[in-house]
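Visitor: Next comes the structure file run_24.cif, holding mmCIF, C-alpha atoms.
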data_run
loop_
_atom_site.group_PDB
_atom_site.id
_atom_site.type_symbol
_atom_site.label_atom_id
_atom_site.label_comp_id
_atom_site.auth_asym_id
_atom_site.auth_seq_id
_atom_site.Cartn_x
_atom_site.Cartn_y
_atom_site.Cartn_z
ATOM 1 C CA MET A 1332 129.208 -226.444 -31.133
ATOM 2 C CA ASN A 1333 128.996 -228.972 -28.322
ATOM 3 C CA ASP A 1334 129.255 -232.748 -28.719
ATOM 4 C CA ASN A 1335 125.485 -233.345 -28.577
ATOM 5 C CA MET A 1336 124.759 -230.771 -31.278
ATOM 6 C CA PHE A 1337 127.507 -232.276 -33.459
ATOM 7 C CA VAL A 1338 125.991 -235.765 -33.163
ATOM 8 C CA LYS A 1339 122.493 -234.411 -33.859
ATOM 9 C CA GLU A 1340 123.637 -232.572 -37.004
ATOM 10 C CA LEU A 1341 125.578 -235.633 -38.139
ATOM 11 C CA ARG A 1342 122.509 -237.846 -37.755
ATOM 12 C CA ASN A 1343 120.444 -235.399 -39.814
ATOM 13 C CA SER A 1344 123.027 -235.209 -42.615
ATOM 14 C CA TYR A 1345 124.567 -238.688 -42.528
ATOM 15 C CA SER A 1346 123.042 -240.081 -45.726
ATOM 16 C CA ALA A 1347 123.822 -236.984 -47.770
ATOM 17 C CA ILE A 1348 127.412 -236.794 -46.489
ATOM 18 C CA MET A 1349 128.012 -240.505 -47.054
ATOM 19 C CA GLY A 1350 126.420 -240.249 -50.497
ATOM 20 C CA TYR A 1351 128.760 -237.417 -51.376
ATOM 21 C CA ALA A 1352 131.731 -239.497 -50.209
ATOM 22 C CA ARG A 1353 130.582 -242.385 -52.408
ATOM 23 C CA MET A 1354 130.133 -240.047 -55.348
ATOM 24 C CA LEU A 1355 133.689 -238.733 -54.940
ATOM 25 C CA THR A 1356 135.443 -242.054 -54.403
ATOM 26 C CA LYS A 1357 133.195 -244.316 -56.495
ATOM 27 C CA GLU A 1358 133.970 -247.159 -54.096
ATOM 28 C CA LYS A 1359 132.234 -248.136 -50.859
ATOM 29 C CA SER A 1360 135.298 -248.887 -48.739
ATOM 30 C CA SER A 1361 137.113 -245.736 -49.890
ATOM 31 C CA ALA A 1362 133.975 -243.712 -49.181
ATOM 32 C CA GLU A 1363 133.786 -245.135 -45.670
ATOM 33 C CA ASP A 1364 137.444 -244.258 -45.068
ATOM 34 C CA LEU A 1365 136.909 -240.740 -46.400
ATOM 35 C CA PHE A 1366 133.789 -240.341 -44.256
ATOM 36 C CA GLN A 1367 135.617 -241.508 -41.135
ATOM 37 C CA ASP A 1368 138.580 -239.194 -41.731
ATOM 38 C CA THR A 1369 136.211 -236.309 -42.422
ATOM 39 C CA MET A 1370 134.251 -236.901 -39.224
ATOM 40 C CA GLU A 1371 137.481 -237.067 -37.230
ATOM 41 C CA GLN A 1372 138.639 -233.712 -38.633
ATOM 42 C CA ALA A 1373 135.185 -232.148 -38.273
ATOM 43 C CA PHE A 1374 134.833 -233.280 -34.663
ATOM 44 C CA MET A 1375 138.278 -231.910 -33.781
ATOM 45 C CA ARG A 1376 137.278 -228.563 -35.378
ATOM 46 C CA LYS A 1377 133.640 -228.452 -34.273
ATOM 47 C CA ASP A 1378 134.200 -225.208 -32.366
ATOM 48 C CA SER A 1379 135.126 -223.428 -35.620
ATOM 49 C CA LEU A 1380 131.610 -223.870 -37.069
ATOM 50 C CA SER A 1381 129.827 -220.534 -36.818
ATOM 51 C CA VAL A 1382 126.368 -220.373 -35.292
ATOM 52 C CA GLY A 1383 123.778 -220.393 -38.061
ATOM 53 C CA SER A 1384 126.148 -221.940 -40.616
ATOM 54 C CA SER A 1385 125.207 -225.075 -42.505
ATOM 55 C CA PHE A 1386 126.716 -228.182 -40.903
ATOM 56 C CA TYR A 1387 126.404 -230.087 -44.181
ATOM 57 C CA THR A 1388 128.228 -227.449 -46.223
ATOM 58 C CA TRP A 1389 130.965 -227.167 -43.591
ATOM 59 C CA VAL A 1390 131.514 -230.949 -43.476
ATOM 60 C CA ILE A 1391 131.476 -231.246 -47.287
ATOM 61 C CA ALA A 1392 134.184 -228.578 -47.513
ATOM 62 C CA ILE A 1393 136.333 -230.575 -45.093
ATOM 63 C CA MET A 1394 135.647 -233.767 -47.071
ATOM 64 C CA ARG A 1395 136.543 -232.140 -50.392
ATOM 65 C CA ASN A 1396 139.828 -230.887 -48.934
ATOM 66 C CA ILE A 1397 140.741 -234.339 -47.608
ATOM 67 C CA TYR A 1398 139.753 -235.964 -50.907
ATOM 68 C CA ASN A 1399 141.727 -233.455 -52.998
ATOM 69 C CA HIS A 1400 144.761 -233.922 -50.790
ATOM 70 C CA ARG A 1401 144.550 -237.703 -51.257
ATOM 71 C CA GLN A 1402 144.193 -237.304 -55.012
ATOM 72 C CA ARG A 1403 147.346 -235.201 -55.151
ATOM 73 C CA ASP A 1404 149.214 -237.754 -53.049
ATOM 74 C CA ASP A 1405 147.988 -240.650 -55.220
ATOM 75 C CA ALA A 1406 148.943 -238.866 -58.435
ATOM 76 C CA ASN A 1407 152.490 -238.431 -57.139
ATOM 77 C CA MET A 1408 152.822 -242.058 -56.027
ATOM 78 C CA PRO A 1409 155.122 -243.924 -58.433
ATOM 79 C CA GLY A 1410 153.644 -246.965 -60.108
ATOM 80 C CA PHE A 1411 150.072 -246.114 -59.130
ATOM 81 C CA VAL A 1412 147.666 -246.777 -61.998
ATOM 82 C CA TYR A 1413 144.030 -245.716 -62.059
ATOM 83 C CA MET A 1414 141.509 -248.071 -63.646
ATOM 84 C CA SER A 1415 140.639 -245.354 -66.158
ATOM 85 C CA GLN A 1416 144.250 -245.404 -67.385
ATOM 86 C CA MET A 1417 144.240 -249.163 -67.981
ATOM 87 C CA ASP A 1418 143.591 -250.795 -71.282
ATOM 88 C CA SER A 1419 140.748 -253.309 -71.367
ATOM 89 C CA ASP A 1420 143.296 -256.032 -72.223
ATOM 90 C CA GLU A 1421 144.929 -255.461 -68.840
ATOM 91 C CA LEU A 1422 141.755 -256.402 -66.953
ATOM 92 C CA PRO A 1423 141.428 -260.179 -66.591
ATOM 93 C CA CYS A 1424 137.615 -259.965 -66.482
ATOM 94 C CA CYS A 1425 137.503 -258.322 -69.902
ATOM 95 C CA ASN A 1426 139.568 -260.813 -71.912
ATOM 96 C CA SER A 1427 136.746 -263.332 -72.147
ATOM 97 C CA LEU A 1428 133.973 -260.912 -73.151
ATOM 98 C CA PRO A 1429 132.442 -261.064 -76.623
ATOM 99 C CA ASP A 1430 133.633 -258.325 -78.971
ATOM 100 C CA ASN A 1431 130.337 -256.443 -78.864
ATOM 101 C CA ALA A 1432 130.014 -256.468 -75.038
ATOM 102 C CA LEU A 1433 130.703 -253.441 -72.872
ATOM 103 C CA ASN A 1434 133.684 -253.966 -70.619
ATOM 104 C CA ALA A 1435 134.311 -252.343 -67.260
ATOM 105 C CA VAL A 1436 136.742 -249.755 -68.605
ATOM 106 C CA GLU A 1437 134.319 -248.579 -71.313
ATOM 107 C CA VAL A 1438 131.471 -248.279 -68.803
ATOM 108 C CA VAL A 1439 133.629 -246.295 -66.368
ATOM 109 C CA LYS A 1440 134.775 -243.976 -69.161
ATOM 110 C CA MET A 1441 131.190 -243.339 -70.289
ATOM 111 C CA ILE A 1442 129.923 -242.686 -66.776
ATOM 112 C CA ARG A 1443 132.816 -240.320 -66.043
ATOM 113 C CA LYS A 1444 131.721 -238.218 -69.024
ATOM 114 C CA MET A 1445 128.350 -237.637 -67.365
ATOM 115 C CA PRO A 1446 127.905 -234.488 -65.263
ATOM 116 C CA VAL A 1447 128.865 -235.125 -61.636
ATOM 117 C CA ASP A 1448 125.729 -233.516 -60.226
ATOM 118 C CA GLU A 1449 123.468 -235.785 -62.300
ATOM 119 C CA ILE A 1450 125.283 -238.932 -61.195
ATOM 120 C CA GLY A 1451 125.413 -237.720 -57.590
ATOM 121 C CA LEU A 1452 121.711 -236.952 -57.480
ATOM 122 C CA LEU A 1453 120.805 -240.262 -59.123
ATOM 123 C CA TYR A 1454 123.058 -242.167 -56.734
ATOM 124 C CA LEU A 1455 121.585 -240.535 -53.630
ATOM 125 C CA PHE A 1456 118.061 -241.002 -55.011
ATOM 126 C CA ALA A 1457 118.796 -244.695 -55.645
ATOM 127 C CA GLU A 1458 120.125 -244.965 -52.081
ATOM 128 C CA GLY A 1459 116.680 -243.897 -50.866
ATOM 129 C CA MET A 1460 117.012 -240.137 -50.393
ATOM 130 C CA GLU A 1461 113.726 -238.341 -51.020
ATOM 131 C CA TYR A 1462 113.343 -235.581 -53.609
ATOM 132 C CA SER A 1463 112.625 -233.063 -50.849
ATOM 133 C CA ASP A 1464 115.891 -233.954 -49.089
ATOM 134 C CA LEU A 1465 117.835 -233.648 -52.345
ATOM 135 C CA VAL A 1466 116.283 -230.223 -52.948
ATOM 136 C CA ARG A 1467 117.365 -229.079 -49.494
ATOM 137 C CA GLU A 1468 120.858 -230.612 -49.587
ATOM 138 C CA PHE A 1469 121.756 -229.457 -53.113
ATOM 139 C CA ASN A 1470 119.882 -226.153 -52.876
ATOM 140 C CA MET A 1471 118.143 -226.700 -56.227
ATOM 141 C CA PRO A 1472 114.511 -226.355 -57.269
ATOM 142 C CA MET A 1473 112.480 -229.566 -57.257
ATOM 143 C CA SER A 1474 112.089 -229.415 -61.045
ATOM 144 C CA THR A 1475 115.879 -229.216 -61.508
ATOM 145 C CA VAL A 1476 116.500 -232.172 -59.211
ATOM 146 C CA LYS A 1477 113.923 -234.292 -61.028
ATOM 147 C CA TYR A 1478 115.239 -233.259 -64.445
ATOM 148 C CA LYS A 1479 118.875 -234.043 -63.573
ATOM 149 C CA ILE A 1480 117.871 -237.472 -62.241
ATOM 150 C CA PHE A 1481 115.860 -238.040 -65.423
ATOM 151 C CA LEU A 1482 118.879 -237.091 -67.585
ATOM 152 C CA ALA A 1483 121.212 -239.390 -65.636
ATOM 153 C CA ARG A 1484 118.782 -242.317 -65.927
ATOM 154 C CA LYS A 1485 118.357 -241.650 -69.645
ATOM 155 C CA GLN A 1486 122.134 -241.655 -70.152
ATOM 156 C CA LEU A 1487 122.570 -244.900 -68.169
ATOM 157 C CA LYS A 1488 119.782 -246.524 -70.177
ATOM 158 C CA ARG A 1489 121.618 -245.535 -73.357
ATOM 159 C CA ILE A 1490 124.930 -246.891 -72.049
ATOM 160 C CA PHE A 1491 123.514 -250.206 -70.871
ATOM 161 C CA GLY A 1492 120.696 -250.557 -73.387
ATOM 162 C CA ASN A 1493 118.356 -251.377 -70.521
ATOM 163 C CA ASP A 1494 114.953 -249.790 -69.884
ATOM 164 C CA ASP A 1495 114.824 -251.118 -66.299
ATOM 165 C CA ILE A 1496 117.198 -248.442 -64.960
#
With the file now loaded, output its structure as structure tokens.
Guide:
Amino acid sequence: MNDNMFVKELRNSYSAIMGYARMLTKEKSSAEDLFQDTMEQAFMRKDSLSVGSSFYTWVIAIMRNIYNHRQRDDANMPGFVYMSQMDSDELPCCNSLPDNALNAVEVVKMIRKMPVDEIGLLYLFAEGMEYSDLVREFNMPMSTVKYKIFLARKQLKRIFGNDDI
């Protein structure tokens, strides 16, 4: 793959790749770092992409490998605490909430229990990706994409008690 083809494929898949990075990291700045590192590795290895292979699938595999490697490194780092491991009392923003209010830790725990594909589809849809693009990128029937987005919205409405989601 030459440089021009790489850039063209990247432009066509940018939103889906960045959306996947955001889904993995759950944080914008971490997603941008992951995206940048992935593009660096992909560009260095662009000649290994077989003709006729899916650029998106190839890049996502590279991204998953980088992400998994980082997760292993983070898990082995002494003193590193994930937000999901913290008690709500340890978060300064949660000490002043009323007893019946959802705090950040509870919301994160509830969302993490949701299926990743539902959250990912909903996130990309909310970012402006069209149903037809989601069908193509996730290789799912239109009805499945719409149903998974519906289920994710329903679950978020239940969590937040808000019909505007």
Visitor: So that I can check the surroundings of Asn1396 in chain A, please list as a PDB file with C-alpha atoms, in the coordinates of the input every protein, DNA and RNA residue that reaches within 12 Å of it, counting all atoms listed in the file and ignoring chain neighbours fewer than 6 positions away.
Guide:
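To be explicit, this is the file written out as part.pdb:
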ATOM      1  CA  ALA A1352     131.731-239.497 -50.209  1.00  0.00           C
ATOM      2  CA  LEU A1355     133.689-238.733 -54.940  1.00  0.00           C
ATOM      3  CA  LEU A1365     136.909-240.740 -46.400  1.00  0.00           C
ATOM      4  CA  ASP A1368     138.580-239.194 -41.731  1.00  0.00           C
ATOM      5  CA  THR A1369     136.211-236.309 -42.422  1.00  0.00           C
ATOM      6  CA  GLN A1372     138.639-233.712 -38.633  1.00  0.00           C
ATOM      7  CA  ALA A1373     135.185-232.148 -38.273  1.00  0.00           C
ATOM      8  CA  TRP A1389     130.965-227.167 -43.591  1.00  0.00           C
ATOM      9  CA  VAL A1390     131.514-230.949 -43.476  1.00  0.00           C
ATOM     10  CA  GLN A1402     144.193-237.304 -55.012  1.00  0.00           C
ATOM     11  CA  ARG A1403     147.346-235.201 -55.151  1.00  0.00           C
TER      12      ARG A1403
END
Visitor: CA of Tyr1387 in chain A and CA of Ser1344 in chain A, how far apart in Å?
Guide: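 Computing it gives 6.3 Å between the two atoms.
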Visitor: Could you work out how far CA of Ser1474 in chain A lies from CA of Arg1342 in chain A, giving the answer in Å with one decimal?
Guide: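 About the pair CA of Arg1342 in chain A and CA of Ser1474 in chain A: they are 26.9 Å apart.
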Visitor: Could you give me, as a short mmCIF file (atom, residue, chain, number, x, y, z; two decimals) with C-alpha atoms, in the coordinates of the input, the residues within 8 Å of range 1483-1491 of chain A, counting all atoms listed in the file and dropping anything in the same chain fewer than 6 positions from it?
Guide:
data_model
loop_
_atom_site.label_atom_id
_atom_site.label_comp_id
_atom_site.auth_asym_id
_atom_site.auth_seq_id
_atom_site.Cartn_x
_atom_site.Cartn_y
_atom_site.Cartn_z
CA VAL A 1438 131.47 -248.28 -68.80
CA MET A 1441 131.19 -243.34 -70.29
CA ILE A 1442 129.92 -242.69 -66.78
CA MET A 1445 128.35 -237.64 -67.36
CA GLU A 1449 123.47 -235.78 -62.30
CA ILE A 1450 125.28 -238.93 -61.20
CA LEU A 1453 120.80 -240.26 -59.12
#
Visitor: Tell me, in Å to one decimal, how far CA of Asn1333 in chain A is from CA of Leu1380 in chain A.
Guide: 10.5 Å
Visitor: Which protein, DNA or RNA residues are at most 8 Å from (133.2, -224.6, -32.5) in the file's coordinates when you count all atoms listed in the file, listed as number ranges by chain?
Guide: A: 1332-1333, 1376-1381
Visitor: Hey, which of A:Val1382, A:Met1375, A:Met1349, A:Val1476 ends up closest to Ser1361 in chain A? Count only C-alpha atoms.
Guide: A:Met1349
Visitor: Excluding Asn1343 in chain A and its own-chain neighbours fewer than 2 positions away, which residues fall within 12 Å of it when counting all atoms listed in the file? Please give them as a PDB file with C-alpha atoms, in the coordinates of the input.
Guide:
ATOM      1  CA  MET A1336     124.759-230.771 -31.278  1.00  0.00           C
ATOM      2  CA  PHE A1337     127.507-232.276 -33.459  1.00  0.00           C
ATOM      3  CA  VAL A1338     125.991-235.765 -33.163  1.00  0.00           C
ATOM      4  CA  LYS A1339     122.493-234.411 -33.859  1.00  0.00           C
ATOM      5  CA  GLU A1340     123.637-232.572 -37.004  1.00  0.00           C
ATOM      6  CA  LEU A1341     125.578-235.633 -38.139  1.00  0.00           C
ATOM      7  CA  TYR A1345     124.567-238.688 -42.528  1.00  0.00           C
ATOM      8  CA  SER A1346     123.042-240.081 -45.726  1.00  0.00           C
ATOM      9  CA  ALA A1347     123.822-236.984 -47.770  1.00  0.00           C
ATOM     10  CA  ILE A1348     127.412-236.794 -46.489  1.00  0.00           C
ATOM     11  CA  MET A1349     128.012-240.505 -47.054  1.00  0.00           C
ATOM     12  CA  SER A1385     125.207-225.075 -42.505  1.00  0.00           C
ATOM     13  CA  PHE A1386     126.716-228.182 -40.903  1.00  0.00           C
ATOM     14  CA  TYR A1387     126.404-230.087 -44.181  1.00  0.00           C
ATOM     15  CA  ASP A1464     115.891-233.954 -49.089  1.00  0.00           C
ATOM     16  CA  ARG A1467     117.365-229.079 -49.494  1.00  0.00           C
ATOM     17  CA  GLU A1468     120.858-230.612 -49.587  1.00  0.00           C
TER      18      GLU A1468
END
Visitor: Centre and edge lengths of an axis-aligned box around all listed atoms of range 1348-1352 of chain A, with 6 Å added on each side, are to be given in Å to one decimal, as AutoDock Vina command-line options.
Guide:
--center_x 129.1 --center_y -238.6 --center_z -48.9 --size_x 17.3 --size_y 15.7 --size_z 16.9
Visitor: Find, counting all atoms listed in the file, the residue in A:Ala1392, A:Asn1335, A:Tyr1351, A:Phe1374 that gets nearest to Leu1465 in chain A.
Guide: A:Tyr1351
Visitor: Under the rule that all atoms listed in the file are counted, which of A:Lys1357, A:Leu1482, A:Asp1364, A:Tyr1398 is the nearest residue to Pro1446 in chain A?
Guide: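 Smallest distance to Pro1446 in chain A is found for A:Leu1482.
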